[in-house]
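Novice: One structure coming up, written as structure tokens, with questions to follow.
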Amino acid sequence: MRRSVGVIIFVIGIILVALGITKVAVGAVQPGALGALLGAVIFGLSFIKRPEPAADAPPPMEPAQRVTRVFYEPAPVFENLRFHPRWLAAYLVIAVCAAIYHVAFVQRLTPEVIALAPIEKTIESGWIPPDRADAVRDQAREAARSPLLRVTGPLTDVGGILLFELFLAAILLVLALVFGGRLNYWQALCVAIYSSLPVVVIDKLLSIVLLYLKSPDDISPLKGQASLVQADLGILFSPTEHPFLYVAGGFLGLLSIYRLWLEATGLRHCGEKLSSASAWTIALIVWGIGLVLSLIFFAALFPSFIT
């Protein structure tokens with residue numbers, strides 16, 4: 001089943017890339033490339049076998065019970081996922097929340113404003129020559145008016161989230177093995193997705209509320225696409241004057257700590273032979289990798305994108 005899904009997504013992605021290159025469907029290249037990559041990854045992962053539950057394994061939890069109980073009592077959920085690594089229900093909840101916020105954000109700020117925002121930042125940074133600035137702006141406006149963008153926009157967000165979770169699961173798997181633990185890839189994927197679920201749901205719901213409480217003029221078309229919630233130490237620093245401190249502060253907040261706890265809990269109960277200290281160390285290493293990459297990409301290379 002997963003192989004056929006991967007092939008279908010891959011073929012659709014290739015078709016979108018071809019339509020975008022030939023200008024038949026403006027703005028289709030990026031979502032098409034993402035779809036092709038996602039389809040190839042899903043096809044490849046279909047060859048990884050799921051662990052067989054032991055004879056004395058508990059029965060699998062109901063999907064609704066898993067996605068709700070993980071908010072306030074994650075240990076039993078991850079313990080059950082160790083025997084029955086089922087991740088689709090949690091991912092669908094994440095995907096729906098992300099898609100709803102994306103649609104609301106685009107309607108609130110308009111597609112043209114969102115499309116031009118990264119272009120203007122790129123022009124300010126000098127990555128686009130001044131003599132090509134107007135042509136690039138016109139291309140962005142044309143792509144923003146494309147009806148295809150209304151469909152591929154949310155799907156691109158949803159597909160990007162899945163690719164991120166698949167990559168995060170691979171990192172968790174490798175680190176668990178390094179620390180002497182036992183963890184199947186599908187168990188690692190459950191840890192990645194279920195530790196993200198409560199954070200994403202809370203973040204998107206609060207962001208939707210803030211989206212309609214704030215004036216569109218006070219919302220950043222770039223930073224706001226990810227979230228409007230800033231419950232972290234980044235609020236103490238100016239992104240213009242202290243970009244490194246601003247980015248680092250963004251990794252020290254209530255939702256970040258909540259996710260760290262969920263990730264450590266998941267590793268401890270979903271894997272085997274992993275102590276609490278090892279699980280927390282792995283979670284902190286992953287957190288540190290994200291921090292370093294963000295400092296390099298945003299604070300060092302593209303500081304204008306956080307202002």
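In the structure tokens, chains take letters A, B, ... by order of appearance, with residues numbered from 1 within each chain and ligands from 1 in the order shown.
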Which residues, written as a ChimeraX atom specification, have at least one atom at most 12 Å from stretch 174-179 of chain A, with only C-alpha atoms counted and residues fewer than 2 positions away on the same chain left out?

Specialist: /A:167-172,181-185,187-188,191,264,266-268,270-286

Novice: Output as a tab-separated table one row per residue of stretch 131-197 of chain A within 12 Å of stretch 210-225 of chain A: the closest atom pair and its distance in Å to one decimal place, counting only C-alpha atoms, sorted by chain and residue number ascending.

Specialist:
```
residue	atom	partner	partner_atom	distance
A:Gly153	CA	A:Gln225	CA	11.2
A:Pro154	CA	A:Gln225	CA	11.2
A:Asp157	CA	A:Gln225	CA	9.9
```

Novice: Could you save those same residues with C-alpha atoms as a compact mmCIF listing (two decimals), in the first residue's frame?

Specialist:
```txt
# COMPACT_ATOMS: atom_id res chain seq x y z
CA GLY A 153 0.24 25.88 -0.73
CA PRO A 154 -1.32 23.89 2.13
CA ASP A 157 3.28 22.77 4.12
```

Novice: Between A:Leu197, A:Ile94, A:Ala28, A:Ala192, which residue has the minimum interatomic distance to A:Arg150, considering only C-alpha atoms?

Specialist: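 Looking only at the distances to A:Arg150, the closest residue turns out to be A:Ala28.
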
Novice: Mind checking which residues fall within 9 Å of A:Pro51, counting only C-alpha atoms, ignoring those fewer than 3 positions away in the same chain, and posting them as an mmCIF file with C-alpha atoms, in the first residue's frame?

Specialist:
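Saved as part-v4.cif:
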```
data_model
loop_
_atom_site.group_PDB
_atom_site.id
_atom_site.type_symbol
_atom_site.label_atom_id
_atom_site.label_comp_id
_atom_site.auth_asym_id
_atom_site.auth_seq_id
_atom_site.Cartn_x
_atom_site.Cartn_y
_atom_site.Cartn_z
ATOM 1 C CA ARG A 82 6.513 0.546 21.242
ATOM 2 C CA PHE A 83 4.419 -2.543 20.459
ATOM 3 C CA HIS A 84 2.150 -0.940 17.864
ATOM 4 C CA PRO A 85 4.041 1.901 16.079
ATOM 5 C CA ASN A 184 12.987 0.499 15.162
ATOM 6 C CA TRP A 186 8.775 3.190 12.871
ATOM 7 C CA GLN A 187 9.073 3.526 16.640
#
```

Novice: Which residues, written as JSON, numbers by chain, have at least one atom at most 8 Å from A:Pro74, with only C-alpha atoms counted and residues fewer than 5 positions away on the same chain left out?

Specialist: {"A": [69, 262, 265, 266]}

Novice: Just the selected residues (N, CA and C atoms), exported as a PDB file, in the first residue's frame, please.

Specialist:
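So part29.pdb came out as:
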```
ATOM      1  N   ARG A  69      -4.544  11.598  24.658  1.00  0.00           N
ATOM      2  CA  ARG A  69      -3.867  11.271  25.909  1.00  0.00           C
ATOM      3  C   ARG A  69      -2.410  11.718  25.912  1.00  0.00           C
ATOM      4  N   LEU A 262       8.397  15.785  25.937  1.00  0.00           N
ATOM      5  CA  LEU A 262       7.673  14.760  25.196  1.00  0.00           C
ATOM      6  C   LEU A 262       8.632  13.856  24.421  1.00  0.00           C
ATOM      7  N   THR A 265      10.462  11.595  26.873  1.00  0.00           N
ATOM      8  CA  THR A 265       9.512  10.587  27.360  1.00  0.00           C
ATOM      9  C   THR A 265       9.262   9.527  26.295  1.00  0.00           C
ATOM     10  N   GLY A 266       9.121   9.953  25.054  1.00  0.00           N
ATOM     11  CA  GLY A 266       8.899   9.015  23.968  1.00  0.00           C
ATOM     12  C   GLY A 266      10.065   8.067  23.771  1.00  0.00           C
TER      13      GLY A 266
END
```
